[in-house]
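The data block below is model-v7.cif; it holds mmCIF, C-alpha atoms.
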data_model
loop_
_atom_site.label_atom_id
_atom_site.label_comp_id
_atom_site.auth_asym_id
_atom_site.auth_seq_id
_atom_site.Cartn_x
_atom_site.Cartn_y
_atom_site.Cartn_z
CA MET A 1064 22.07 122.75 49.90
CA SER A 1065 23.51 125.75 51.75
CA GLU A 1066 21.55 128.98 51.84
CA TYR A 1067 22.99 132.42 51.16
CA SER A 1068 22.87 135.01 53.92
CA SER A 1069 20.25 137.72 53.42
CA SER A 1070 22.98 140.31 54.13
CA ILE A 1071 24.33 139.96 50.59
CA THR A 1072 21.08 141.19 49.07
CA SER A 1073 21.09 144.93 48.42
CA LYS A 1074 17.93 147.03 48.58
CA TYR A 1075 19.44 149.65 46.27
CA LYS A 1076 18.53 149.35 42.61
CA PRO A 1077 21.29 150.95 40.52
CA LYS A 1078 20.40 153.74 38.09
CA ARG A 1079 21.85 154.32 34.64
CA LEU A 1080 24.10 157.39 34.36
CA ALA A 1081 24.96 159.16 31.11
CA ILE A 1082 28.55 160.40 31.35
CA LYS A 1083 30.87 162.44 29.17
CA LEU A 1084 34.60 162.76 29.68
CA ASN A 1085 37.29 165.22 28.70
CA ALA A 1086 39.79 164.27 26.00
CA LYS A 1087 42.26 162.72 28.47
CA GLY A 1088 39.59 160.58 30.14
CA GLU A 1089 38.22 159.45 26.80
CA GLN A 1090 41.72 158.48 25.68
CA PHE A 1091 42.17 156.27 28.76
CA VAL A 1092 38.83 154.53 28.15
CA ASN A 1093 39.63 153.96 24.48
CA GLN A 1094 42.98 152.45 25.50
CA GLY A 1095 41.19 149.96 27.74
CA HIS A 1096 42.29 151.42 31.08
CA PRO A 1097 40.03 150.37 33.98
CA TRP A 1098 39.99 153.71 35.84
CA VAL A 1099 38.29 157.05 35.20
CA PHE A 1100 39.23 159.82 37.65
CA SER A 1101 36.79 162.47 38.87
CA ASP A 1102 38.65 165.30 37.12
CA ASN A 1103 38.19 163.54 33.76
CA ILE A 1104 34.37 163.77 33.99
CA THR A 1105 32.74 166.77 32.29
CA LYS A 1106 29.07 165.78 32.46
CA ILE A 1107 27.11 163.44 34.70
CA ASN A 1108 23.55 162.91 35.94
CA ASP A 1109 22.61 164.48 39.25
CA ALA A 1110 22.28 162.35 42.42
CA ALA A 1111 24.70 159.65 41.23
CA LYS A 1112 25.32 156.94 43.85
CA SER A 1113 27.88 154.18 44.28
CA GLY A 1114 26.96 151.18 42.18
CA ASP A 1115 25.11 153.12 39.49
CA LEU A 1116 25.89 151.98 35.96
CA ALA A 1117 27.99 154.61 34.17
CA ILE A 1118 27.36 154.71 30.43
CA ILE A 1119 30.22 156.67 28.89
CA PHE A 1120 29.58 158.52 25.64
CA GLY A 1121 32.35 159.61 23.30
CA LYS A 1122 32.52 163.11 21.85
CA ASN A 1123 32.02 161.86 18.31
CA LYS A 1124 28.40 161.15 17.35
CA ASN A 1125 27.46 160.29 20.94
CA LYS A 1126 28.65 156.70 20.64
CA VAL A 1127 28.99 154.62 23.79
CA ILE A 1128 32.71 153.92 24.39
CA GLY A 1129 32.49 152.08 27.69
CA LEU A 1130 30.50 150.93 30.72
CA GLY A 1131 31.53 151.14 34.34
CA LEU A 1132 30.34 151.44 37.93
CA TYR A 1133 30.15 154.82 39.64
CA ASP A 1134 32.05 155.17 42.93
CA ALA A 1135 30.96 158.23 44.91
CA ASN A 1136 33.69 157.84 47.54
CA SER A 1137 36.82 157.46 45.44
CA PRO A 1138 38.90 159.79 43.24
CA ILE A 1139 38.72 156.87 40.79
CA ARG A 1140 35.10 157.84 40.18
CA ILE A 1141 34.31 155.17 37.60
CA LYS A 1142 35.62 151.60 37.69
CA MET A 1143 35.35 150.21 34.17
CA LEU A 1144 33.60 146.93 33.37
CA HIS A 1145 33.62 147.12 29.58
CA ASN A 1146 35.75 149.22 27.23
CA GLY A 1147 35.03 149.77 23.56
CA ASN A 1148 32.00 150.44 21.40
CA THR A 1149 30.90 146.79 21.14
CA ALA A 1150 27.51 146.14 22.74
CA ALA A 1151 27.38 144.79 26.29
CA THR A 1152 24.65 144.41 28.89
CA ILE A 1153 25.68 144.37 32.55
CA ASN A 1154 23.66 141.47 33.91
CA THR A 1155 24.05 137.99 35.37
CA ALA A 1156 25.25 136.52 32.06
CA PHE A 1157 27.87 139.29 31.74
CA PHE A 1158 29.36 138.54 35.17
CA ASN A 1159 29.14 134.77 34.67
CA SER A 1160 31.09 135.05 31.41
CA LYS A 1161 33.84 137.12 33.04
CA ILE A 1162 34.16 134.71 35.96
CA GLU A 1163 34.29 131.67 33.66
CA SER A 1164 36.97 133.42 31.59
CA ALA A 1165 39.00 134.14 34.73
CA PHE A 1166 38.71 130.52 35.90
CA ALA A 1167 39.94 129.26 32.52
CA LYS A 1168 43.20 131.18 33.04
CA ARG A 1169 43.77 129.24 36.29
CA GLU A 1170 43.07 125.75 35.01
CA ASN A 1171 46.70 124.84 34.27
CA LEU A 1172 47.71 125.82 37.80
CA LEU A 1173 44.96 123.61 39.21
CA LYS A 1174 46.31 120.62 37.30
CA THR A 1175 49.25 120.66 39.72
CA ASN A 1176 48.83 119.54 43.33
CA THR A 1177 47.51 123.00 44.26
CA ASN A 1178 44.08 123.81 45.66
CA SER A 1179 44.60 127.48 46.56
CA TYR A 1180 44.38 130.21 43.94
CA ARG A 1181 43.19 133.72 43.16
CA LEU A 1182 40.02 133.38 41.10
CA LEU A 1183 39.49 137.12 40.62
CA PHE A 1184 42.37 139.61 40.57
CA GLY A 1185 40.46 142.89 40.65
CA GLU A 1186 40.82 145.13 37.62
CA ASN A 1187 43.03 142.56 35.87
CA ASP A 1188 40.06 140.20 35.58
CA GLY A 1189 37.49 142.92 34.97
CA PHE A 1190 36.33 143.26 38.61
CA PRO A 1191 37.90 146.50 39.90
CA GLY A 1192 37.97 146.62 43.70
CA LEU A 1193 37.07 142.93 44.14
CA ILE A 1194 39.33 140.00 45.04
CA ALA A 1195 38.29 136.34 45.26
CA ASP A 1196 40.70 133.76 46.67
CA VAL A 1197 40.07 130.04 47.09
CA TYR A 1198 41.64 127.99 49.90
CA ALA A 1199 40.69 124.32 49.44
CA ASN A 1200 36.86 124.49 49.55
CA VAL A 1201 36.61 127.95 51.16
CA LEU A 1202 36.10 131.02 48.95
CA VAL A 1203 37.17 134.35 50.48
CA VAL A 1204 35.86 137.46 48.73
CA LYS A 1205 37.43 140.79 49.70
CA ILE A 1206 35.52 143.92 48.70
CA TYR A 1207 37.26 147.29 48.45
CA SER A 1208 34.45 149.42 47.01
CA GLU A 1209 30.73 150.04 47.59
CA ILE A 1210 30.13 149.67 43.85
CA TRP A 1211 29.77 145.89 44.21
CA ILE A 1212 27.08 145.87 46.90
CA PRO A 1213 24.08 145.89 44.48
CA TYR A 1214 25.62 143.07 42.42
CA LEU A 1215 27.01 140.90 45.22
CA ASP A 1216 24.22 138.33 45.25
CA THR A 1217 24.68 137.54 41.55
CA ILE A 1218 28.49 137.53 41.67
CA LEU A 1219 28.81 135.30 44.74
CA LYS A 1220 26.48 132.70 43.27
CA SER A 1221 28.53 132.63 40.07
CA LEU A 1222 31.83 132.42 41.99
CA GLN A 1223 30.51 129.56 44.11
CA ALA A 1224 29.25 127.63 41.09
CA THR A 1225 32.55 128.11 39.25
CA SER A 1226 34.87 127.28 42.17
CA ASN A 1227 32.57 124.65 43.73
CA ALA A 1228 33.30 126.22 47.13
CA LYS A 1229 31.40 124.86 50.12
CA THR A 1230 31.86 128.04 52.18
CA ILE A 1231 32.05 131.76 51.34
CA VAL A 1232 33.62 134.32 53.67
CA ILE A 1233 33.34 138.08 53.09
CA ARG A 1234 36.24 140.38 53.98
CA LEU A 1235 35.83 144.16 53.84
CA SER A 1236 38.33 146.97 53.42
CA ARG A 1237 38.49 149.40 56.36
CA SER A 1238 36.62 152.09 54.45
CA LEU A 1239 33.89 149.64 53.48
CA GLU A 1240 33.42 148.56 57.10
CA GLN A 1241 32.20 152.12 57.77
CA SER A 1242 29.77 152.15 54.84
CA LYS A 1243 26.05 152.34 55.52
CA LEU A 1244 25.08 150.92 52.12
CA HIS A 1245 25.17 147.31 53.33
CA ASN A 1246 24.56 145.01 56.31
CA LEU A 1247 27.73 142.98 55.84
CA GLU A 1248 30.28 142.35 58.58
CA ASN A 1249 33.97 141.79 57.99
CA GLY A 1250 34.62 138.05 58.29
CA ALA A 1251 30.96 137.11 57.82
CA VAL A 1252 30.22 133.60 56.55
CA VAL A 1253 27.55 134.23 53.92
CA TYR A 1254 27.31 130.73 52.45
CA GLY A 1255 27.85 127.31 53.95
CA VAL A 1256 29.55 126.62 57.28
CA LEU A 1257 33.08 127.52 58.34
CA GLU A 1258 34.21 124.78 60.72
CA ASP A 1259 37.52 126.48 61.55
CA GLU A 1260 38.76 129.96 60.67
CA VAL A 1261 42.16 128.39 59.99
CA VAL A 1262 41.88 126.59 56.65
CA ASN A 1263 44.50 124.10 55.45
CA PHE A 1264 45.45 124.09 51.75
CA VAL A 1265 48.14 122.85 49.38
CA GLU A 1266 50.42 124.61 46.89
CA HIS A 1267 52.67 122.43 44.73
CA ASN A 1268 52.58 119.52 47.22
CA VAL A 1269 53.46 121.74 50.20
CA HIS A 1270 50.90 122.20 52.99
CA PHE A 1271 49.94 125.57 54.47
CA SER A 1272 47.17 127.22 56.47
CA ALA A 1273 45.35 130.56 56.19
CA ASN A 1274 43.26 132.34 58.78
CA VAL A 1275 40.45 133.47 56.51
CA ILE A 1276 38.83 135.65 59.19
CA LYS A 1277 41.80 137.46 60.82
CA GLY A 1278 44.71 136.95 58.39
CA HIS A 1279 46.10 139.74 56.20
CA LYS A 1280 44.09 140.44 53.02
CA THR A 1281 42.18 137.18 52.50
CA GLY A 1282 44.40 135.13 54.83
CA TYR A 1283 47.56 134.49 52.82
CA PHE A 1284 49.68 135.87 49.96
CA LEU A 1285 49.23 133.70 46.87
CA ASP A 1286 51.14 135.86 44.35
CA HIS A 1287 54.60 134.45 45.24
CA ARG A 1288 53.59 130.81 44.83
CA ALA A 1289 55.84 130.11 41.81
CA ASN A 1290 58.79 131.83 43.51
CA ARG A 1291 58.27 129.82 46.69
CA LYS A 1292 58.30 126.63 44.62
CA GLN A 1293 61.49 127.71 42.85
CA VAL A 1294 63.30 128.62 46.07
CA GLY A 1295 62.23 125.31 47.57
CA GLU A 1296 63.68 123.35 44.66
CA TRP A 1297 67.01 125.17 45.03
CA SER A 1298 67.20 124.71 48.82
CA LYS A 1299 67.85 120.97 49.16
CA GLY A 1300 70.67 120.42 51.65
CA LYS A 1301 71.14 124.19 52.08
CA THR A 1302 70.98 126.73 54.89
CA VAL A 1303 68.24 129.30 54.19
CA LEU A 1304 67.42 132.77 55.56
CA ASP A 1305 63.86 133.97 54.90
CA VAL A 1306 63.68 137.72 55.66
CA PHE A 1307 60.23 139.30 56.22
CA SER A 1308 59.06 135.69 56.35
CA TYR A 1309 55.50 136.43 57.58
CA ALA A 1310 53.77 133.00 57.70
CA GLY A 1311 56.83 131.21 56.35
CA GLY A 1312 56.00 130.78 52.67
CA PHE A 1313 59.57 130.50 51.43
CA SER A 1314 60.73 128.85 54.67
CA VAL A 1315 58.22 126.02 54.50
CA HIS A 1316 58.89 125.26 50.82
CA ALA A 1317 62.60 125.11 51.64
CA LEU A 1318 62.04 122.73 54.57
CA ALA A 1319 59.67 120.52 52.58
CA ASN A 1320 62.28 120.27 49.83
CA GLY A 1321 65.07 119.10 52.16
CA ALA A 1322 66.78 122.27 53.40
CA LYS A 1323 69.28 121.55 56.17
CA GLU A 1324 68.43 124.61 58.25
CA VAL A 1325 65.93 127.43 57.75
CA THR A 1326 65.76 130.71 59.68
CA SER A 1327 62.54 132.71 59.46
CA LEU A 1328 62.98 136.40 60.34
CA ASP A 1329 59.98 138.66 60.95
CA ILE A 1330 59.07 141.45 63.36
CA SER A 1331 55.79 139.70 64.24
CA LYS A 1332 56.00 136.90 66.81
CA GLN A 1333 52.47 135.87 65.87
CA ALA A 1334 53.46 135.48 62.20
CA LEU A 1335 56.47 133.38 63.20
CA GLU A 1336 54.25 131.10 65.29
CA ILE A 1337 52.13 130.54 62.17
CA ALA A 1338 55.31 129.88 60.16
CA LEU A 1339 56.33 127.17 62.63
CA LEU A 1340 52.86 125.61 62.50
CA ASN A 1341 52.86 125.71 58.69
CA GLY A 1342 56.20 123.94 58.70
CA LYS A 1343 54.80 121.19 60.91
CA LEU A 1344 52.02 120.51 58.39
CA ASN A 1345 54.78 118.92 56.28
CA ALA A 1346 57.35 116.18 56.79
CA TYR A 1347 60.87 117.60 57.04
CA SER A 1348 64.18 116.65 58.63
CA GLY A 1349 65.90 120.06 58.76
CA THR A 1350 65.90 122.62 61.57
CA HIS A 1351 63.45 125.54 61.60
CA LYS A 1352 64.64 128.55 63.59
CA THR A 1353 62.85 131.88 64.07
CA ILE A 1354 64.02 135.41 64.89
CA ALA A 1355 61.47 138.02 65.99
CA ASP A 1356 63.11 141.37 65.27
CA ASP A 1357 63.28 144.32 62.91
CA ALA A 1358 64.74 142.89 59.71
CA PHE A 1359 67.35 145.62 59.21
CA VAL A 1360 68.56 145.37 62.83
CA ALA A 1361 68.69 141.56 62.81
CA MET A 1362 70.49 141.36 59.45
CA LYS A 1363 73.18 143.81 60.63
CA ALA A 1364 73.64 141.76 63.81
CA MET A 1365 74.07 138.56 61.78
CA ILE A 1366 76.64 140.27 59.54
CA LYS A 1367 78.53 141.46 62.63
CA ASN A 1368 78.58 137.85 63.83
CA LYS A 1369 79.82 136.72 60.39
CA ARG A 1370 76.72 134.58 59.70
CA THR A 1371 76.12 133.51 56.11
CA PHE A 1372 73.50 131.35 54.39
CA ASP A 1373 73.44 129.33 51.16
CA VAL A 1374 70.09 130.89 50.19
CA VAL A 1375 68.89 134.34 51.29
CA VAL A 1376 65.34 135.48 50.42
CA ILE A 1377 64.32 139.10 51.10
CA ASP A 1378 60.64 139.81 50.42
CA PRO A 1379 59.65 143.03 52.25
CA PRO A 1380 56.18 144.58 52.52
CA SER A 1381 55.41 147.52 50.25
CA PHE A 1382 57.72 150.43 51.04
CA ALA A 1383 55.87 152.91 48.80
CA LYS A 1384 52.16 152.97 49.55
CA GLN A 1385 52.01 156.56 48.34
CA GLN A 1386 53.88 158.68 45.82
CA SER A 1387 55.83 160.60 48.47
CA GLU A 1388 57.48 157.39 49.72
CA ILE A 1389 59.07 156.29 46.45
CA GLU A 1390 62.55 157.76 47.02
CA LEU A 1391 62.79 156.35 50.54
CA ALA A 1392 61.61 152.97 49.22
CA LYS A 1393 64.40 152.94 46.62
CA LYS A 1394 66.98 153.59 49.37
CA LYS A 1395 65.55 150.74 51.44
CA TYR A 1396 65.73 148.33 48.49
CA ALA A 1397 69.37 149.30 47.94
CA GLN A 1398 70.13 148.75 51.61
CA LEU A 1399 68.47 145.33 51.59
CA ALA A 1400 70.49 144.29 48.52
CA GLN A 1401 73.69 145.34 50.33
CA LEU A 1402 72.78 143.46 53.51
CA GLY A 1403 71.62 140.42 51.55
CA ALA A 1404 74.89 140.21 49.62
CA LYS A 1405 76.87 140.19 52.87
CA LEU A 1406 74.71 137.40 54.28
CA THR A 1407 74.90 135.18 51.19
CA ALA A 1408 77.56 132.47 51.37
CA LYS A 1409 80.15 131.60 48.70
CA LYS A 1410 78.33 130.32 45.58
CA GLY A 1411 75.10 131.22 47.38
CA LEU A 1412 71.77 132.41 46.02
CA LEU A 1413 70.27 135.82 46.84
CA VAL A 1414 66.57 136.38 46.05
CA LEU A 1415 65.29 139.97 46.16
CA ALA A 1416 61.61 140.84 45.78
CA SER A 1417 59.40 143.94 45.74
CA CYS A 1418 55.63 144.35 45.92
CA SER A 1419 55.67 148.17 45.67
CA SER A 1420 53.64 148.98 42.55
CA ARG A 1421 54.95 152.57 42.54
CA VAL A 1422 58.54 151.32 42.21
CA LEU A 1423 58.64 150.11 38.64
CA SER A 1424 60.15 146.75 37.74
CA GLU A 1425 62.95 148.33 35.69
CA THR A 1426 63.83 150.65 38.59
CA PHE A 1427 63.92 147.81 41.11
CA PHE A 1428 66.18 145.61 38.99
CA ASP A 1429 68.44 148.58 38.20
CA ILE A 1430 68.87 149.26 41.93
CA ASN A 1431 69.80 145.62 42.56
CA ALA A 1432 72.23 145.54 39.63
CA LYS A 1433 73.98 148.73 40.76
CA VAL A 1434 74.40 147.53 44.35
CA LEU A 1435 75.40 143.95 43.55
CA ASN A 1436 77.84 144.96 40.82
CA GLU A 1437 79.69 147.05 43.39
CA VAL A 1438 80.21 143.96 45.53
CA SER A 1439 83.63 142.50 44.75
CA ARG A 1440 82.25 139.01 43.99
CA GLY A 1441 81.43 137.37 40.68
CA LEU A 1442 77.69 137.36 39.99
CA ASP A 1443 75.26 135.53 37.73
CA TYR A 1444 71.81 137.01 37.07
CA ILE A 1445 69.77 133.82 36.99
CA LEU A 1446 66.11 134.75 36.81
CA LYS A 1447 63.60 137.62 36.90
CA THR A 1448 59.97 136.83 37.64
CA GLN A 1449 56.58 138.48 38.21
CA HIS A 1450 53.26 137.29 39.62
CA ASP A 1451 52.13 133.69 39.41
CA SER A 1452 49.66 132.71 36.68
CA ASP A 1453 46.56 133.33 38.82
CA HIS A 1454 47.56 137.01 39.02
CA PRO A 1455 47.32 138.00 35.33
CA ILE A 1456 48.28 141.58 34.41
CA GLY A 1457 45.58 143.51 32.56
CA PHE A 1458 46.93 147.07 32.80
CA PRO A 1459 50.26 148.77 33.75
CA GLU A 1460 49.35 149.58 37.36
CA GLY A 1461 48.28 145.98 37.88
CA ALA A 1462 51.91 144.82 37.77
CA TYR A 1463 53.39 145.19 41.24
CA LEU A 1464 55.38 142.04 42.05
CA LYS A 1465 58.95 141.53 40.83
CA CYS A 1466 61.59 139.09 41.99
CA GLY A 1467 65.26 138.69 41.03
CA TYR A 1468 67.53 135.66 41.57
CA TYR A 1469 71.28 136.33 41.86
CA ARG A 1470 73.98 133.64 42.20
CA PHE A 1471 77.39 134.62 43.60
CA GLU A 1472 80.34 132.89 41.99
CA ASP A 1473 82.58 133.31 45.02
#
Write the structure described by the file as structure tokens, please.
Amino acid sequence: MSEYSSSITSKYKPKRLAIKLNAKGEQFVNQGHPWVFSDNITKINDAAKSGDLAIIFGKNKNKVIGLGLYDANSPIRIKMLHNGNTAATINTAFFNSKIESAFAKRENLLKTNTNSYRLLFGENDGFPGLIADVYANVLVVKIYSEIWIPYLDTILKSLQATSNAKTIVIRLSRSLEQSKLHNLENGAVVYGVLEDEVVNFVEHNVHFSANVIKGHKTGYFLDHRANRKQVGEWSKGKTVLDVFSYAGGFSVHALANGAKEVTSLDISKQALEIALLNGKLNAYSGTHKTIADDAFVAMKAMIKNKRTFDVVVIDPPSFAKQQSEIELAKKKYAQLAQLGAKLTAKKGLLVLASCSSRVLSETFFDINAKVLNEVSRGLDYILKTQHDSDHPIGFPEGAYLKCGYYRFED
């Protein structure tokens, strides 16, 4: 049996912190929100360190209203593990139960021909600042906060037992790479053997690969899986444009489902090379073209040349990573809807997506509706979707992905 790396064992033994909040903070905890900000804390033990267990007392009769982990380096000072006044003990059994509960939510997905899934979706599964993705038999755990270091040994063993992974890879956020509270390295294999950093996997019968050491996040974006499947099913015999294609998720599903011609557009030549390789993992008879360019520039050039496609998918990266970028993001979404409409052929399908959590779903769909209604073509609003089932939403800020399908009548 494989041995776990000694680097996952923390020397720090977490303390118990008694904490009191102001009225606003207490309200958030009572509502089940997973975050407590530093300015909501009115009383706390001295010398609190990341990973310490925060025991939150309510104002009334000193009752415990929640348990969380203290984060010394974040304005979100306490990441909640348990809300409410029911008893809970933060131990191995507690984490095992949460992981088993999360896995149960994914079981229907795994009954399809799919062996890649998100096992833990951070706060939404009760593990704030922790992501666990499975690619075939490789488990990739991405850690965003020091709070998990003292508990990592226990959690990884539970994740491995639940997922039956043969290999575990650790990925660290940039801030965590600088931390001195651990001996972990980004990309470290802490359990089993990784024969190749590029891992092949399947989603709904379509074959892909993820670089679990160097790829974005944990190596791939799993949240759009259901949308990729849907686009693929509607692409048979069609010409398809996949804008911001990255590793070709939508492109490859379209090719595997019999698309006549697919064009993947991305600014990264490296991403497009991966998209081509992912395509070749599948049998297809269509043509796969790539364009390495700024999406806005390339789309305007195609419009100038009177190019149109039966299916146009526009799935940009987040345009609003901070509050100050929201208005600019909304303008960019409007511009993409305008460009997409001009590139969509008669009776064609336009798919518009957003992963900006700060741009609310209602706002995004309103922008699309306003722009597309101004286009002098008949339009059917076919479908609005969110994350796939392995990305359950546990609190308002956890909902970031939205996708709209629009069919032009002429």
>> So that I can see what lies close to Phe1471 (chain A), please list as number ranges by chain the residues with an atom at most 7 Å from it, counting only C-alpha atoms and leaving out residues fewer than 5 positions away in the same chain.
In response: A: 1409-1412, 1440-1443
Selection to disk with C-alpha atoms, as a PDB file, in the frame of the given file:
ATOM      1  CA  LYS A1409      80.150 131.600  48.700  1.00  0.00           C
ATOM      2  CA  LYS A1410      78.330 130.320  45.580  1.00  0.00           C
ATOM      3  CA  GLY A1411      75.100 131.220  47.380  1.00  0.00           C
ATOM      4  CA  LEU A1412      71.770 132.410  46.020  1.00  0.00           C
ATOM      5  CA  ARG A1440      82.250 139.010  43.990  1.00  0.00           C
ATOM      6  CA  GLY A1441      81.430 137.370  40.680  1.00  0.00           C
ATOM      7  CA  LEU A1442      77.690 137.360  39.990  1.00  0.00           C
ATOM      8  CA  ASP A1443      75.260 135.530  37.730  1.00  0.00           C
TER       9      ASP A1443
END
> For this file, the PyMOL selection byres ((chain A and resi 1258) around 12) selects which residues, as a list in words?
Replying inline: Asn1200, Val1201, Lys1229, Thr1230, Ile1231, Val1232, Val1252, Gly1255, Val1256, Leu1257, Asp1259, Glu1260, Val1261, Val1262, Asn1263, Asn1274, Val1275 and Ile1276 of chain A
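Across the model, the gap from CA of Phe1382 (chain A) to CA of Leu1413 (chain A) is 19.7 Å.
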>> Under the PyMOL selection byres ((chain A and resi 1417) around 12), which residues of this model are included? Write them out as a VMD selection string.
In response: chain A and resid 1286 to 1287 1307 1376 to 1383 1392 to 1393 1395 to 1397 1399 to 1400 1414 to 1416 1418 to 1428 1430 to 1431 1447 to 1450 1462 to 1467
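Here the PyMOL selection byres ((chain A and resi 1107) around 9) catches exactly these residues: A:Leu1080, A:Ala1081, A:Ile1082, A:Lys1083, A:Ile1104, A:Thr1105, A:Lys1106, A:Asn1108, A:Asp1109, A:Ala1111, A:Ala1117.
Within 12 Å of the file-frame point (32.2, 136.4, 32.4), and using only C-alpha atoms, the polymer residues found are A:Leu1144, A:His1145, A:Ala1151, A:Thr1152, A:Ile1153, A:Asn1154, A:Thr1155, A:Ala1156, A:Phe1157, A:Phe1158, A:Asn1159, A:Ser1160, A:Lys1161, A:Ile1162, A:Glu1163, A:Ser1164, A:Ala1165, A:Phe1166, A:Ala1167, A:Leu1183, A:Asp1188, A:Gly1189, A:Phe1190, A:Thr1217, A:Ile1218, A:Ser1221, A:Leu1222, A:Thr1225.
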Save out the residues we just selected, C-alpha atoms, as a tab-separated table (two decimals), in the frame of the given file.
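The resulting file, out_6.tsv, is reproduced below:
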chain	number	residue	atom	x	y	z
A	1144	LEU	CA	33.60	146.93	33.37
A	1145	HIS	CA	33.62	147.12	29.58
A	1151	ALA	CA	27.38	144.79	26.29
A	1152	THR	CA	24.65	144.41	28.89
A	1153	ILE	CA	25.68	144.37	32.55
A	1154	ASN	CA	23.66	141.47	33.91
A	1155	THR	CA	24.05	137.99	35.37
A	1156	ALA	CA	25.25	136.52	32.06
A	1157	PHE	CA	27.87	139.29	31.74
A	1158	PHE	CA	29.36	138.54	35.17
A	1159	ASN	CA	29.14	134.77	34.67
A	1160	SER	CA	31.09	135.05	31.41
A	1161	LYS	CA	33.84	137.12	33.04
A	1162	ILE	CA	34.16	134.71	35.96
A	1163	GLU	CA	34.29	131.67	33.66
A	1164	SER	CA	36.97	133.42	31.59
A	1165	ALA	CA	39.00	134.14	34.73
A	1166	PHE	CA	38.71	130.52	35.90
A	1167	ALA	CA	39.94	129.26	32.52
A	1183	LEU	CA	39.49	137.12	40.62
A	1188	ASP	CA	40.06	140.20	35.58
A	1189	GLY	CA	37.49	142.92	34.97
A	1190	PHE	CA	36.33	143.26	38.61
A	1217	THR	CA	24.68	137.54	41.55
A	1218	ILE	CA	28.49	137.53	41.67
A	1221	SER	CA	28.53	132.63	40.07
A	1222	LEU	CA	31.83	132.42	41.99
A	1225	THR	CA	32.55	128.11	39.25
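The space between CA of Gly1295 (chain A) and CA of Leu1344 (chain A) spans 15.6 Å.
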> Pick the closest to Thr1371 (chain A) from A:Lys1394, A:Lys1280, A:Lys1405, A:Lys1352: which is it, counting all atoms listed in the file?
Replying inline: A:Lys1405
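Excluding Ala1310 (chain A) itself and any same-chain residue fewer than 5 positions from it, the protein and nucleic acid residues within 10 Å of it, counting only C-alpha atoms, are Phe1271, Ser1272, Ala1273, Gly1278, Tyr1283, Phe1284, Val1315, Ser1327, Asp1329, Ser1331, Gln1333, Ala1334, Leu1335, Glu1336, Ile1337, Ala1338, Leu1339, Leu1340, Asn1341 and Gly1342 of chain A.
Taking CA of His1454 (chain A) and CA of Gly1131 (chain A) as the two end points, the separation is 21.9 Å.
Take the candidates A:Lys1126, A:Lys1205, A:Arg1288, A:Lys1323 and check each one against Gly1192 (chain A) using only C-alpha atoms; the shortest distance goes to A:Lys1205.
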Once 6 Å is added on each side, what are the centre and the three edge lengths, in Å to one decimal, of the axis-aligned box enclosing the listed atoms of region 1179-1182 of chain A? Present them as lines of an AutoDock Vina configuration file.
center_x = 42.3
center_y = 130.6
center_z = 43.8
size_x = 16.6
size_y = 18.2
size_z = 17.5
